[in-house]
>>> print(open('structure28.txt').read())   # compact mmCIF, C-alpha atoms and all ligand atoms
# COMPACT_ATOMS: atom_id res chain seq x y z
CA MET A 111 7.77 -13.33 2.90
CA ALA A 112 6.49 -11.41 5.89
CA ALA A 113 9.90 -11.83 7.48
CA ALA A 114 11.24 -9.55 4.79
CA PHE A 115 9.84 -6.63 6.73
CA ALA A 116 11.50 -7.55 9.94
CA THR A 117 15.19 -6.85 9.59
CA LEU A 118 15.63 -3.14 10.12
CA ALA A 119 16.69 -3.61 13.72
CA ALA A 120 19.91 -5.25 12.53
CA LEU A 121 21.00 -1.95 11.06
CA ALA A 122 21.47 -0.24 14.38
CA ALA A 123 24.68 -2.22 14.84
CA CYS A 124 26.19 -1.01 11.57
CA PRO A 125 27.70 2.53 11.70
CA PRO A 126 26.71 4.49 8.56
CA ALA A 127 29.99 6.33 7.98
CA ALA A 128 32.14 3.17 8.10
CA ALA A 129 29.79 1.33 5.79
CA GLN A 130 29.68 4.18 3.32
CA ALA A 131 33.44 4.16 3.05
CA GLN A 132 33.33 0.73 1.41
CA ALA A 133 30.72 1.67 -1.17
CA PRO A 134 31.89 1.57 -4.78
CA PRO A 135 31.90 5.04 -6.34
CA ARG A 136 28.65 5.93 -8.03
CA ALA A 137 28.56 7.50 -11.51
CA VAL A 138 28.05 11.27 -11.59
CA ASP A 139 24.36 12.21 -11.78
CA GLU A 140 23.24 8.62 -11.44
CA VAL A 141 19.89 8.20 -9.77
CA GLU A 142 19.49 4.64 -8.65
CA VAL A 143 15.96 3.94 -7.44
CA LEU A 144 14.97 0.75 -5.67
CA HIS A 145 11.31 -0.09 -6.28
CA PHE A 146 8.88 -2.95 -6.89
CA TRP A 147 6.82 -1.43 -9.67
CA THR A 148 7.22 -4.14 -12.27
CA SER A 149 3.69 -4.81 -13.54
CA GLY A 150 2.67 -3.24 -16.86
CA GLY A 151 0.57 -0.50 -15.24
CA GLU A 152 3.13 0.27 -12.53
CA ALA A 153 6.00 0.51 -15.00
CA ALA A 154 3.95 2.83 -17.22
CA ALA A 155 3.36 5.18 -14.27
CA LEU A 156 7.01 5.19 -13.27
CA ALA A 157 8.12 5.86 -16.85
CA LYS A 158 6.77 9.39 -16.39
CA LEU A 159 9.16 10.07 -13.53
CA LYS A 160 12.11 8.57 -15.37
CA ALA A 161 11.41 10.81 -18.36
CA THR A 162 11.47 13.94 -16.17
CA LEU A 163 14.73 13.02 -14.50
CA ARG A 164 16.37 12.10 -17.80
CA ALA A 165 15.28 15.41 -19.29
CA GLU A 166 17.12 17.10 -16.41
CA GLY A 167 20.32 15.28 -17.35
CA HIS A 168 20.30 12.51 -14.74
CA HIS A 169 21.00 8.85 -15.48
CA TRP A 170 18.11 6.82 -14.10
CA LYS A 171 19.04 3.34 -12.96
CA ASP A 172 16.37 0.88 -11.83
CA PHE A 173 16.90 -1.53 -8.99
CA THR A 174 13.67 -3.48 -9.39
CA VAL A 175 12.50 -6.28 -7.19
CA ALA A 176 9.54 -8.02 -8.78
CA ASP A 177 7.15 -8.68 -5.93
CA GLY A 178 3.77 -6.99 -5.41
CA GLY A 179 3.36 -5.39 -2.02
CA GLY A 180 7.10 -4.82 -1.57
CA GLY A 181 8.13 -7.37 1.10
CA LEU A 182 11.01 -8.75 -0.94
CA ALA A 183 12.04 -5.25 -2.04
CA MET A 184 12.46 -4.25 1.61
CA MET A 185 14.69 -7.26 2.21
CA MET A 186 16.87 -6.28 -0.74
CA LEU A 187 17.01 -2.70 0.51
CA ASN A 188 18.21 -3.90 3.91
CA SER A 189 21.03 -5.89 2.40
CA ARG A 190 22.08 -2.99 0.16
CA VAL A 191 22.24 -0.61 3.12
CA VAL A 192 23.98 -3.07 5.44
CA SER A 193 26.66 -3.66 2.80
CA GLY A 194 27.27 0.10 2.64
CA ASN A 195 25.88 0.63 -0.83
CA PRO A 196 22.45 2.22 -0.52
CA PRO A 197 20.50 3.30 -3.60
CA THR A 198 19.94 7.02 -4.19
CA ALA A 199 16.29 6.58 -3.29
CA ALA A 200 13.88 3.79 -2.47
CA GLN A 201 10.14 3.31 -2.59
CA ILE A 202 9.19 2.81 1.06
CA LYS A 203 6.12 3.25 3.22
CA GLY A 204 5.03 5.26 6.28
CA ALA A 205 6.33 3.45 9.34
CA ALA A 206 9.44 2.14 7.55
CA ILE A 207 10.38 5.69 6.54
CA GLN A 208 10.50 6.59 10.22
CA GLU A 209 12.52 3.44 11.03
CA TRP A 210 15.18 4.23 8.42
CA ALA A 211 15.31 7.84 9.63
CA ARG A 212 15.76 6.71 13.24
CA ASN A 213 18.66 4.56 12.09
CA ASP A 214 20.22 7.69 10.58
CA ARG A 215 20.18 6.43 7.00
CA LEU A 216 18.07 9.06 5.25
CA ALA A 217 19.12 12.35 3.65
CA SER A 218 17.17 15.56 4.17
CA ILE A 219 15.19 17.08 1.31
CA ASP A 220 13.88 19.79 3.59
CA GLU A 221 15.36 22.63 1.54
CA VAL A 222 13.29 21.60 -1.52
CA ALA A 223 10.18 20.95 0.58
CA ARG A 224 10.38 24.34 2.27
CA GLY A 225 11.14 26.17 -0.97
CA ASP A 226 8.16 24.54 -2.72
CA GLN A 227 5.94 24.87 0.39
CA TRP A 228 5.00 21.22 0.74
CA ASN A 229 3.46 21.96 4.14
CA THR A 230 0.70 23.96 2.45
CA LEU A 231 0.20 21.43 -0.38
CA LEU A 232 -0.09 18.20 1.60
CA PRO A 233 -2.66 17.02 4.13
CA ALA A 234 -1.05 16.81 7.58
CA THR A 235 -1.72 13.03 7.73
CA VAL A 236 0.67 12.68 4.81
CA SER A 237 3.31 15.30 5.59
CA ASP A 238 3.76 13.98 9.15
CA THR A 239 4.92 10.60 7.85
CA MET A 240 7.30 12.22 5.34
CA LYS A 241 9.19 14.10 8.08
CA TYR A 242 11.55 13.10 10.84
CA HIS A 243 12.18 15.58 13.62
CA GLY A 244 10.37 18.16 11.50
CA ARG A 245 12.55 17.73 8.39
CA TYR A 246 11.35 16.12 5.16
CA ILE A 247 13.21 12.91 4.31
CA ALA A 248 10.76 11.44 1.77
CA ALA A 249 8.63 12.67 -1.13
CA PRO A 250 5.06 11.30 -1.45
CA LEU A 251 3.76 10.18 -4.84
CA ASN A 252 0.14 9.26 -4.30
CA VAL A 253 -2.71 8.04 -2.15
CA HIS A 254 -3.97 4.52 -2.82
CA ARG A 255 -7.26 3.45 -1.29
CA VAL A 256 -7.11 -0.11 0.02
CA ASN A 257 -10.75 -0.84 0.96
CA TRP A 258 -12.11 -1.28 -2.55
CA LEU A 259 -14.23 -4.10 -3.92
CA TRP A 260 -14.08 -4.48 -7.72
CA ILE A 261 -16.96 -6.12 -9.53
CA ASN A 262 -17.30 -7.43 -13.07
CA PRO A 263 -20.71 -6.10 -14.27
CA ALA A 264 -21.25 -9.03 -16.66
CA ALA A 265 -20.75 -11.48 -13.78
CA LEU A 266 -23.16 -9.46 -11.66
CA LYS A 267 -25.75 -9.66 -14.43
CA LYS A 268 -25.21 -13.38 -14.86
CA ALA A 269 -25.89 -13.81 -11.14
CA ASN A 270 -28.86 -11.45 -11.34
CA ALA A 271 -27.43 -9.46 -8.44
CA LYS A 272 -26.64 -5.89 -7.31
CA PRO A 273 -23.32 -4.58 -5.92
CA PRO A 274 -23.21 -5.58 -2.25
CA ALA A 275 -23.03 -2.88 0.43
CA THR A 276 -22.98 -5.13 3.51
CA TRP A 277 -21.38 -8.45 4.38
CA ASP A 278 -24.75 -10.21 4.31
CA GLU A 279 -25.33 -8.89 0.80
CA PHE A 280 -21.80 -9.83 -0.19
CA PHE A 281 -22.26 -13.50 0.72
CA ALA A 282 -25.67 -13.55 -1.02
CA VAL A 283 -24.07 -12.19 -4.22
CA ALA A 284 -21.16 -14.63 -3.88
CA ASP A 285 -23.60 -17.57 -3.58
CA ALA A 286 -25.50 -16.38 -6.65
CA MET A 287 -22.25 -16.10 -8.61
CA LYS A 288 -21.25 -19.60 -7.54
CA LYS A 289 -24.59 -20.94 -8.75
CA ALA A 290 -24.06 -19.15 -12.07
CA GLY A 291 -20.83 -21.13 -12.54
CA LEU A 292 -18.40 -18.31 -11.72
CA VAL A 293 -15.57 -18.02 -9.22
CA PRO A 294 -17.15 -15.43 -6.88
CA VAL A 295 -13.88 -13.94 -5.57
CA ALA A 296 -10.62 -13.61 -7.51
CA HIS A 297 -7.88 -14.03 -4.95
CA SER A 298 -4.15 -14.08 -5.27
CA GLY A 299 -1.83 -16.56 -3.58
CA GLN A 300 0.27 -13.63 -2.26
CA SER A 301 0.12 -13.20 1.50
CA TRP A 302 0.22 -9.37 1.48
CA LEU A 303 -3.20 -9.48 -0.14
CA ASP A 304 -4.56 -11.78 2.57
CA MET A 305 -3.67 -9.09 5.08
CA GLY A 306 -5.24 -6.32 2.96
CA ALA A 307 -8.53 -8.23 2.73
CA PHE A 308 -8.40 -9.01 6.44
CA GLU A 309 -8.08 -5.38 7.52
CA SER A 310 -11.07 -4.40 5.36
CA VAL A 311 -13.13 -7.20 6.91
CA ALA A 312 -12.15 -5.88 10.36
CA ILE A 313 -13.53 -2.41 9.60
CA GLY A 314 -16.73 -3.86 8.14
CA VAL A 315 -17.35 -6.31 10.96
CA GLY A 316 -16.02 -4.40 13.98
CA GLY A 317 -16.28 -0.76 12.85
CA VAL A 318 -13.81 2.10 12.64
CA GLU A 319 -13.28 2.48 16.39
CA PHE A 320 -12.56 -1.24 16.65
CA TYR A 321 -9.98 -0.96 13.85
CA LYS A 322 -8.30 1.94 15.64
CA ARG A 323 -8.22 0.14 18.98
CA ALA A 324 -7.04 -3.17 17.54
CA PHE A 325 -4.58 -2.10 14.86
CA LEU A 326 -3.48 1.44 15.72
CA ARG A 327 -3.37 1.16 19.51
CA LEU A 328 -2.91 -2.65 19.73
CA ASP A 329 -5.37 -2.58 22.61
CA PRO A 330 -5.53 -6.09 24.16
CA SER A 331 -9.27 -5.75 24.81
CA ALA A 332 -9.85 -5.28 21.07
CA LEU A 333 -7.31 -7.88 19.97
CA ILE A 334 -9.07 -10.48 22.10
CA SER A 335 -12.73 -9.70 21.63
CA PRO A 336 -15.95 -11.06 20.09
CA GLU A 337 -15.47 -8.52 17.23
CA MET A 338 -12.02 -9.91 16.42
CA GLU A 339 -13.22 -13.51 16.49
CA LYS A 340 -16.12 -12.60 14.18
CA THR A 341 -13.70 -10.69 11.89
CA LEU A 342 -11.48 -13.76 11.61
CA ALA A 343 -14.43 -16.09 10.99
CA THR A 344 -15.84 -13.80 8.28
CA TYR A 345 -12.43 -13.49 6.65
CA LYS A 346 -11.98 -17.27 6.58
CA ARG A 347 -15.49 -17.73 5.19
CA LEU A 348 -14.28 -15.91 2.07
CA LYS A 349 -11.92 -18.75 1.23
CA SER A 350 -14.65 -21.09 0.00
CA TYR A 351 -15.57 -18.48 -2.62
CA THR A 352 -12.07 -18.29 -4.11
CA ALA A 353 -10.39 -20.60 -6.61
CA ASN A 354 -7.50 -22.70 -5.40
CA THR A 355 -4.89 -20.90 -7.44
CA GLY A 356 -1.69 -21.41 -5.40
CA ALA A 357 1.20 -19.16 -4.43
CA GLY A 358 2.33 -18.38 -7.98
CA HIS A 359 -0.97 -16.67 -8.74
CA ASP A 360 -0.05 -13.03 -8.15
CA TRP A 361 -2.19 -9.90 -7.86
CA VAL A 362 -1.92 -9.17 -11.59
CA ALA A 363 -3.27 -12.67 -12.40
CA ALA A 364 -6.07 -12.21 -9.85
CA THR A 365 -7.01 -8.90 -11.50
CA ALA A 366 -7.06 -10.62 -14.91
CA MET A 367 -9.39 -13.29 -13.51
CA LEU A 368 -11.84 -10.52 -12.71
CA THR A 369 -11.54 -8.55 -15.94
CA SER A 370 -11.81 -11.70 -18.09
CA GLY A 371 -15.12 -12.54 -16.39
CA GLN A 372 -13.85 -15.80 -14.89
CA ALA A 373 -14.37 -14.29 -11.44
CA GLY A 374 -17.01 -11.85 -10.23
CA MET A 375 -15.37 -9.80 -7.45
CA LEU A 376 -11.89 -8.75 -6.31
CA MET A 377 -10.79 -7.25 -2.96
CA MET A 378 -7.84 -5.00 -3.69
CA GLY A 379 -6.47 -1.48 -3.52
CA ASP A 380 -6.79 0.78 -6.54
CA TRP A 381 -3.37 -0.08 -8.00
CA ALA A 382 -5.49 -2.82 -9.66
CA LYS A 383 -6.94 -0.09 -11.91
CA ALA A 384 -3.63 0.34 -13.71
CA GLU A 385 -3.77 -3.32 -14.74
CA MET A 386 -7.42 -3.04 -15.73
CA ARG A 387 -6.57 -0.12 -17.98
CA ALA A 388 -3.57 -1.93 -19.42
CA GLY A 389 -6.03 -4.72 -20.33
CA GLY A 390 -8.32 -2.23 -22.11
CA LYS A 391 -10.97 -2.00 -19.35
CA ARG A 392 -12.39 1.28 -18.09
CA PRO A 393 -12.58 1.44 -14.27
CA GLY A 394 -16.03 2.57 -13.15
CA VAL A 395 -17.58 1.37 -16.44
CA ASP A 396 -16.23 -2.05 -17.46
CA VAL A 397 -15.26 -2.79 -13.86
CA LEU A 398 -17.36 -1.39 -11.00
CA CYS A 399 -15.82 -0.04 -7.80
CA VAL A 400 -17.60 0.02 -4.45
CA PRO A 401 -16.15 0.27 -0.94
CA MET A 402 -15.61 -3.09 0.76
CA PRO A 403 -18.80 -4.23 2.55
CA ASP A 404 -19.83 -2.09 5.52
CA THR A 405 -16.83 0.24 5.09
CA ALA A 406 -18.41 3.00 2.97
CA GLY A 407 -17.69 5.71 5.54
CA ALA A 408 -14.04 4.73 5.97
CA PHE A 409 -10.94 5.14 3.83
CA THR A 410 -7.84 3.01 4.40
CA PHE A 411 -4.85 4.69 2.83
CA ASP A 412 -1.56 3.42 1.45
CA ILE A 413 0.88 6.15 0.41
CA ASP A 414 3.83 5.43 -1.86
CA ALA A 415 6.88 7.61 -1.29
CA LEU A 416 10.50 7.87 -2.31
CA ALA A 417 12.89 8.22 0.60
CA MET A 418 16.38 9.54 -0.08
CA PHE A 419 19.33 7.64 1.35
CA GLN A 420 22.59 9.09 2.65
CA VAL A 421 24.93 8.58 -0.25
CA ASN A 422 27.97 10.48 -1.45
CA GLY A 423 27.79 14.23 -2.14
CA ARG A 424 27.39 13.89 -5.89
CA ASP A 425 23.93 12.40 -5.54
CA LYS A 426 22.62 15.32 -3.53
CA GLN A 427 21.57 17.36 -6.54
CA ALA A 428 19.89 14.30 -8.08
CA GLN A 429 17.97 13.68 -4.84
CA GLN A 430 16.77 17.27 -4.74
CA ASP A 431 15.68 17.12 -8.38
CA LEU A 432 13.94 13.82 -7.79
CA ALA A 433 12.04 15.21 -4.79
CA ARG A 434 11.02 18.31 -6.74
CA ALA A 435 9.85 16.21 -9.71
CA VAL A 436 7.74 13.90 -7.53
CA MET A 437 5.79 16.80 -6.06
CA ASP A 438 5.40 18.73 -9.32
CA LYS A 439 1.72 19.49 -9.95
CA ASP A 440 1.56 18.20 -13.55
CA PHE A 441 3.57 15.12 -12.68
CA GLN A 442 1.20 14.31 -9.81
CA GLN A 443 -1.67 14.33 -12.28
CA GLU A 444 0.06 12.25 -14.98
CA PHE A 445 1.57 9.72 -12.60
CA ASN A 446 -1.65 9.11 -10.71
CA LEU A 447 -3.76 8.85 -13.87
CA ALA A 448 -1.50 5.95 -14.84
CA LYS A 449 -1.05 4.44 -11.37
CA GLY A 450 -4.70 4.15 -10.29
CA SER A 451 -4.22 6.26 -7.18
CA ILE A 452 -5.14 9.91 -6.51
CA PRO A 453 -2.66 12.78 -6.27
CA VAL A 454 -1.33 13.49 -2.81
CA ARG A 455 -1.29 17.26 -3.46
CA LEU A 456 -4.57 18.83 -2.41
CA ASP A 457 -4.56 21.34 -5.29
CA VAL A 458 -4.66 18.85 -8.21
CA LYS A 459 -8.13 18.69 -9.78
CA LEU A 460 -9.59 15.27 -10.58
CA ASP A 461 -11.50 16.31 -13.74
CA LYS A 462 -9.43 14.01 -15.96
CA PHE A 463 -9.71 11.03 -13.60
CA ASP A 464 -12.18 8.11 -13.74
CA ASP A 465 -15.22 7.87 -11.47
CA CYS A 466 -13.50 5.57 -8.97
CA ALA A 467 -10.70 8.12 -8.46
CA LYS A 468 -13.24 10.92 -8.13
CA ARG A 469 -15.05 8.98 -5.44
CA SER A 470 -11.73 8.23 -3.78
CA GLY A 471 -10.89 11.96 -3.73
CA LEU A 472 -14.21 12.88 -2.13
CA ASP A 473 -14.06 10.05 0.39
CA PHE A 474 -10.47 10.90 1.33
CA LYS A 475 -11.48 14.43 2.30
CA SER A 476 -14.74 13.51 4.02
CA SER A 477 -13.19 10.68 6.01
CA ALA A 478 -10.38 13.03 7.12
CA ARG A 479 -13.07 15.41 8.45
CA ARG A 480 -15.00 12.63 10.19
CA GLY A 481 -12.02 10.86 11.75
CA THR A 482 -12.48 7.73 9.60
CA LEU A 483 -9.31 8.10 7.52
CA LEU A 484 -7.32 5.02 8.53
CA PRO A 485 -3.68 4.08 7.89
CA SER A 486 -3.51 0.63 6.29
CA LEU A 487 -2.00 -2.00 8.57
CA ALA A 488 -1.29 -4.35 5.65
CA HIS A 489 0.64 -1.70 3.74
CA GLY A 490 2.95 -0.67 6.55
CA MET A 491 1.20 2.62 7.35
CA ALA A 492 0.07 1.82 10.88
CA GLN A 493 2.72 -0.19 12.74
CA PRO A 494 6.48 -0.83 12.62
CA SER A 495 7.51 -3.32 9.97
CA HIS A 496 8.40 -6.10 12.44
CA THR A 497 4.94 -5.91 14.06
CA VAL A 498 3.22 -6.04 10.67
CA ALA A 499 5.41 -9.00 9.69
CA ARG A 500 4.41 -11.02 12.74
CA MET A 501 0.70 -10.28 12.32
CA TRP A 502 0.90 -10.95 8.61
CA ASP A 503 2.35 -14.42 9.30
CA VAL A 504 -0.57 -15.34 11.53
CA ILE A 505 -3.19 -14.13 9.06
CA SER A 506 -1.58 -16.02 6.16
CA GLN A 507 -1.29 -19.23 8.18
CA PHE A 508 -4.90 -18.93 9.27
CA TRP A 509 -5.96 -18.55 5.64
CA ALA A 510 -3.85 -21.50 4.54
CA GLN A 511 -4.50 -23.95 7.39
CA ASP A 512 -8.04 -25.23 7.46
CA LYS A 513 -7.63 -26.74 10.93
CA MET A 514 -6.84 -23.46 12.70
CA SER A 515 -9.92 -22.05 14.45
CA ALA A 516 -10.81 -18.36 14.53
CA HIS A 517 -10.27 -18.47 18.29
CA GLU A 518 -6.75 -19.86 17.97
CA ALA A 519 -5.92 -17.36 15.23
CA MET A 520 -7.15 -14.55 17.50
CA THR A 521 -4.88 -15.66 20.36
CA ARG A 522 -1.89 -15.92 18.03
CA LEU A 523 -2.63 -12.59 16.39
CA ALA A 524 -2.83 -10.85 19.76
CA GLU A 525 0.50 -12.41 20.79
CA ALA A 526 2.09 -11.30 17.52
CA ALA A 527 0.76 -7.77 17.87
CA ARG A 528 1.83 -7.40 21.51
CA ALA A 529 5.20 -9.15 21.31
CA ASP A 530 7.09 -5.90 21.88
CA ALA A 531 5.00 -4.99 24.90
CA ARG A 532 5.98 -8.13 26.82
C1 LIG B 1 1.90 -0.34 -3.42
C2 LIG B 1 1.44 -0.03 -4.82
C3 LIG B 1 1.72 -1.23 -5.70
C4 LIG B 1 1.07 -2.48 -5.11
C5 LIG B 1 1.32 -3.73 -5.92
C6 LIG B 1 1.28 -1.63 -2.91
O1 LIG B 1 1.82 -1.95 -1.66
O2 LIG B 1 1.57 0.72 -2.56
O3 LIG B 1 2.11 1.10 -5.34
O4 LIG B 1 1.28 -0.98 -7.01
O5 LIG B 1 1.59 -2.71 -3.79
O6 LIG B 1 2.66 -3.96 -6.18
>>> encode(input="structure28.txt", output="structure tokens")
Amino acid sequence: MAAAFATLAALAACPPAAAQAQAPPRAVDEVEVLHFWTSGGEAAALAKLKATLRAEGHHWKDFTVADGGGGLAMMMLNSRVVSGNPPTAAQIKGAAIQEWARNDRLASIDEVARGDQWNTLLPATVSDTMKYHGRYIAAPLNVHRVNWLWINPAALKKANAKPPATWDEFFAVADAMKKAGLVPVAHSGQSWLDMGAFESVAIGVGGVEFYKRAFLRLDPSALISPEMEKTLATYKRLKSYTANTGAGHDWVAATAMLTSGQAGMLMMGDWAKAEMRAGGKRPGVDVLCVPMPDTAGAFTFDIDALAMFQVNGRDKQAQQDLARAVMDKDFQQEFNLAKGSIPVRLDVKLDKFDDCAKRSGLDFKSSARRGTLLPSLAHGMAQPSHTVARMWDVISQFWAQDKMSAHEAMTRLAEAARADAR
């Protein structure tokens, strides 16, 4: 699946104008949006955007690719663009937005952004990734926090334990849960979640500066280091606390394992909250949220955005309306209440949000001040898609193959990360 991220380079060879000429004509006012929001909670959040666009007279058409994390969706997007028939907009992430823009595939929404003063509404960390050569080409929907640990309070009680703040505490709680007959960690068989857990372990074990050196700067002395080997060993140690659920066990099923009380803890970003709510659980009350062990001062972010593709002239108005709707203040509140994330606009109050979102909002701002706001590697915010894909492969294989040592995984990870530099 990781390979799904790795095909943008092929586009350079395909001239946009020629490809566009072969595209079948699109219906007037049709807004076709490629996305991977197919779970109950995700679809409920998106329904709010569809309703706005429909009320403005546009015909919303879904191009959904069921696959949490979006790897398969990116593969489908590539094939749509290469065949000269891009969607009106697609849900894509930080580094990939820049890659599509560099390949001259994205349409400007700068007029809307300037008119509505997005520069004053968005933190610079966000607006920078939504622009190419100073012009907006994507509209941000939210900020998801990745380094969350979710805990079932009944399981905690059964194990007579407290929420862990450090890795030592985490393993002590996990042992107590095991003894109490529970699965300590609900884990999904999907590889994008392996990578998400791994990056949180790296911050906890090696620290924020280590994360920056290893994953933002791809510094060889951090990629091959005692901290990296310890990160990999700690990450692999988690496996014995998970149930052997197999590849079909997706993130929604893993979340259900936690909320049903079968498992005690879950390492996942806050999109899991939408599923908890859909299952009648209140985040912060029925399910506890704490930062992943030893990462309390850090915030790894994953920002969902809609990028507009170069399509025929008739879609232009729809793209502008879509961009305006995404950044509307009320919409930002409604969408994020349903999605589990926090609004990306700095002026939306969090009064109506649950305690986990409130904590997320505070931590987002304080980590930005302290220099501990970190782009998520797993979610395509930190490195080009092909680099993430290669690293992702190594981490998934290491998780799956019991014979691979942490040392070997470290060597392979460093090679994967530095492949472009050779
Ligand atoms: C996206 C979320 C989505 C989750 C599960 C993440 O990569 O940012 O919006 O809900 O994957 O599909």
>>> residues_near_point(input="structure28.txt", point="(-20.2, -14.3, 1.0)", cutoff="9 Å", atoms="all atoms listed in the file", output="PDB file with C-alpha atoms, in the coordinates of the input")
ATOM      1  CA  TRP A 277     -21.380  -8.450   4.380  1.00  0.00           C
ATOM      2  CA  ASP A 278     -24.750 -10.210   4.310  1.00  0.00           C
ATOM      3  CA  GLU A 279     -25.330  -8.890   0.800  1.00  0.00           C
ATOM      4  CA  PHE A 280     -21.800  -9.830  -0.190  1.00  0.00           C
ATOM      5  CA  PHE A 281     -22.260 -13.500   0.720  1.00  0.00           C
ATOM      6  CA  ALA A 282     -25.670 -13.550  -1.020  1.00  0.00           C
ATOM      7  CA  VAL A 283     -24.070 -12.190  -4.220  1.00  0.00           C
ATOM      8  CA  ALA A 284     -21.160 -14.630  -3.880  1.00  0.00           C
ATOM      9  CA  ASP A 285     -23.600 -17.570  -3.580  1.00  0.00           C
ATOM     10  CA  PRO A 294     -17.150 -15.430  -6.880  1.00  0.00           C
ATOM     11  CA  THR A 344     -15.840 -13.800   8.280  1.00  0.00           C
ATOM     12  CA  ARG A 347     -15.490 -17.730   5.190  1.00  0.00           C
ATOM     13  CA  LEU A 348     -14.280 -15.910   2.070  1.00  0.00           C
ATOM     14  CA  SER A 350     -14.650 -21.090   0.000  1.00  0.00           C
ATOM     15  CA  TYR A 351     -15.570 -18.480  -2.620  1.00  0.00           C
TER      16      TYR A 351
END
>>> residues_near_ligand(input="structure28.txt", ligand="ligand LIG 1 (chain B)", cutoff="8 Å", atoms="only C-alpha atoms and all ligand atoms", output="PyMOL selection string")
chain A and resi 146-149+152+177-180+203+254+361+379+381-382+412-414+449+489
>>> residues_around(input="structure28.txt", residues="stretch 469-477 of chain A", least_positions_apart="4", cutoff="8 Å", atoms="all atoms listed in the file", output="list in words")
Arg255, Gly407, Ala408, Phe409, Ile452, Leu460, Asp465, Gly481, Thr482 and Leu483 of chain A
>>> write_last_selection(input="structure28.txt", atoms="C-alpha atoms", output="PDB file, in the coordinates of the input")
ATOM      1  CA  ARG A 255      -7.260   3.450  -1.290  1.00  0.00           C
ATOM      2  CA  GLY A 407     -17.690   5.710   5.540  1.00  0.00           C
ATOM      3  CA  ALA A 408     -14.040   4.730   5.970  1.00  0.00           C
ATOM      4  CA  PHE A 409     -10.940   5.140   3.830  1.00  0.00           C
ATOM      5  CA  ILE A 452      -5.140   9.910  -6.510  1.00  0.00           C
ATOM      6  CA  LEU A 460      -9.590  15.270 -10.580  1.00  0.00           C
ATOM      7  CA  ASP A 465     -15.220   7.870 -11.470  1.00  0.00           C
ATOM      8  CA  GLY A 481     -12.020  10.860  11.750  1.00  0.00           C
ATOM      9  CA  THR A 482     -12.480   7.730   9.600  1.00  0.00           C
ATOM     10  CA  LEU A 483      -9.310   8.100   7.520  1.00  0.00           C
TER      11      LEU A 483
END
>>> residues_around(input="structure28.txt", residues="A:Phe441", least_positions_apart="5", cutoff="12 Å", atoms="all atoms listed in the file", output="list in words")
Ala155, Leu156, Ala157, Lys158, Leu159, Lys160, Ala161, Thr162, Leu163, Pro250, Leu251, Asn252, Leu432, Ala433, Arg434, Ala435, Val436, Asn446, Leu447, Ala448, Lys449, Ile452, Pro453, Val454, Arg455 and Val458 of chain A
>>> closest_residue(input="structure28.txt", among="A:Gln442, A:Val311, A:Pro494, A:Gln430", to="A:Arg212", atoms="all atoms listed in the file")
A:Pro494
>>> residues_near_point(input="structure28.txt", point="(-14.1, -18.2, -16.2)", cutoff="9 Å", atoms="all atoms listed in the file", output="PDB file with C-alpha atoms, keeping the file's coordinate frame")
ATOM      1  CA  GLY A 291     -20.830 -21.130 -12.540  1.00  0.00           C
ATOM      2  CA  LEU A 292     -18.400 -18.310 -11.720  1.00  0.00           C
ATOM      3  CA  VAL A 293     -15.570 -18.020  -9.220  1.00  0.00           C
ATOM      4  CA  MET A 367      -9.390 -13.290 -13.510  1.00  0.00           C
ATOM      5  CA  LEU A 368     -11.840 -10.520 -12.710  1.00  0.00           C
ATOM      6  CA  SER A 370     -11.810 -11.700 -18.090  1.00  0.00           C
ATOM      7  CA  GLY A 371     -15.120 -12.540 -16.390  1.00  0.00           C
ATOM      8  CA  GLN A 372     -13.850 -15.800 -14.890  1.00  0.00           C
ATOM      9  CA  ALA A 373     -14.370 -14.290 -11.440  1.00  0.00           C
TER      10      ALA A 373
END
>>> closest_residue(input="structure28.txt", among="A:Ser298, A:Asn257, A:Ser495, A:Thr521", to="A:Met184", atoms="only C-alpha atoms")
A:Ser495
>>> atom_distance(input="structure28.txt", atom1="atom CA of A:Ala524", atom2="atom CA of A:Met338")
9.8 Å
>>> atom_distance(input="structure28.txt", atom1="atom CA of A:Glu444", atom2="atom CA of A:Ala488")
26.5 Å
>>> atom_distance(input="structure28.txt", atom1="atom CA of A:Lys241", atom2="atom CA of A:Ile219")
9.5 Å
>>> build_atoms(input="structure28.txt", residues="stretch 483-488 of chain A", atoms="N, CA and C atoms", output="CSV table (one decimal), keeping the file's coordinate frame")
chain,number,residue,atom,x,y,z
A,483,LEU,N,-10.4,8.3,8.4
A,483,LEU,CA,-9.3,8.1,7.5
A,483,LEU,C,-8.3,7.2,8.3
A,484,LEU,N,-8.1,6.0,7.7
A,484,LEU,CA,-7.3,5.0,8.5
A,484,LEU,C,-6.0,4.6,7.8
A,485,PRO,N,-4.9,4.6,8.5
A,485,PRO,CA,-3.7,4.1,7.9
A,485,PRO,C,-3.8,2.6,7.7
A,486,SER,N,-3.4,2.1,6.6
A,486,SER,CA,-3.5,0.6,6.3
A,486,SER,C,-2.5,-0.2,7.1
A,487,LEU,N,-2.9,-1.1,7.8
A,487,LEU,CA,-2.0,-2.0,8.6
A,487,LEU,C,-1.2,-2.9,7.6
A,488,ALA,N,-1.9,-3.4,6.6
A,488,ALA,CA,-1.3,-4.4,5.6
A,488,ALA,C,-0.2,-3.7,4.9
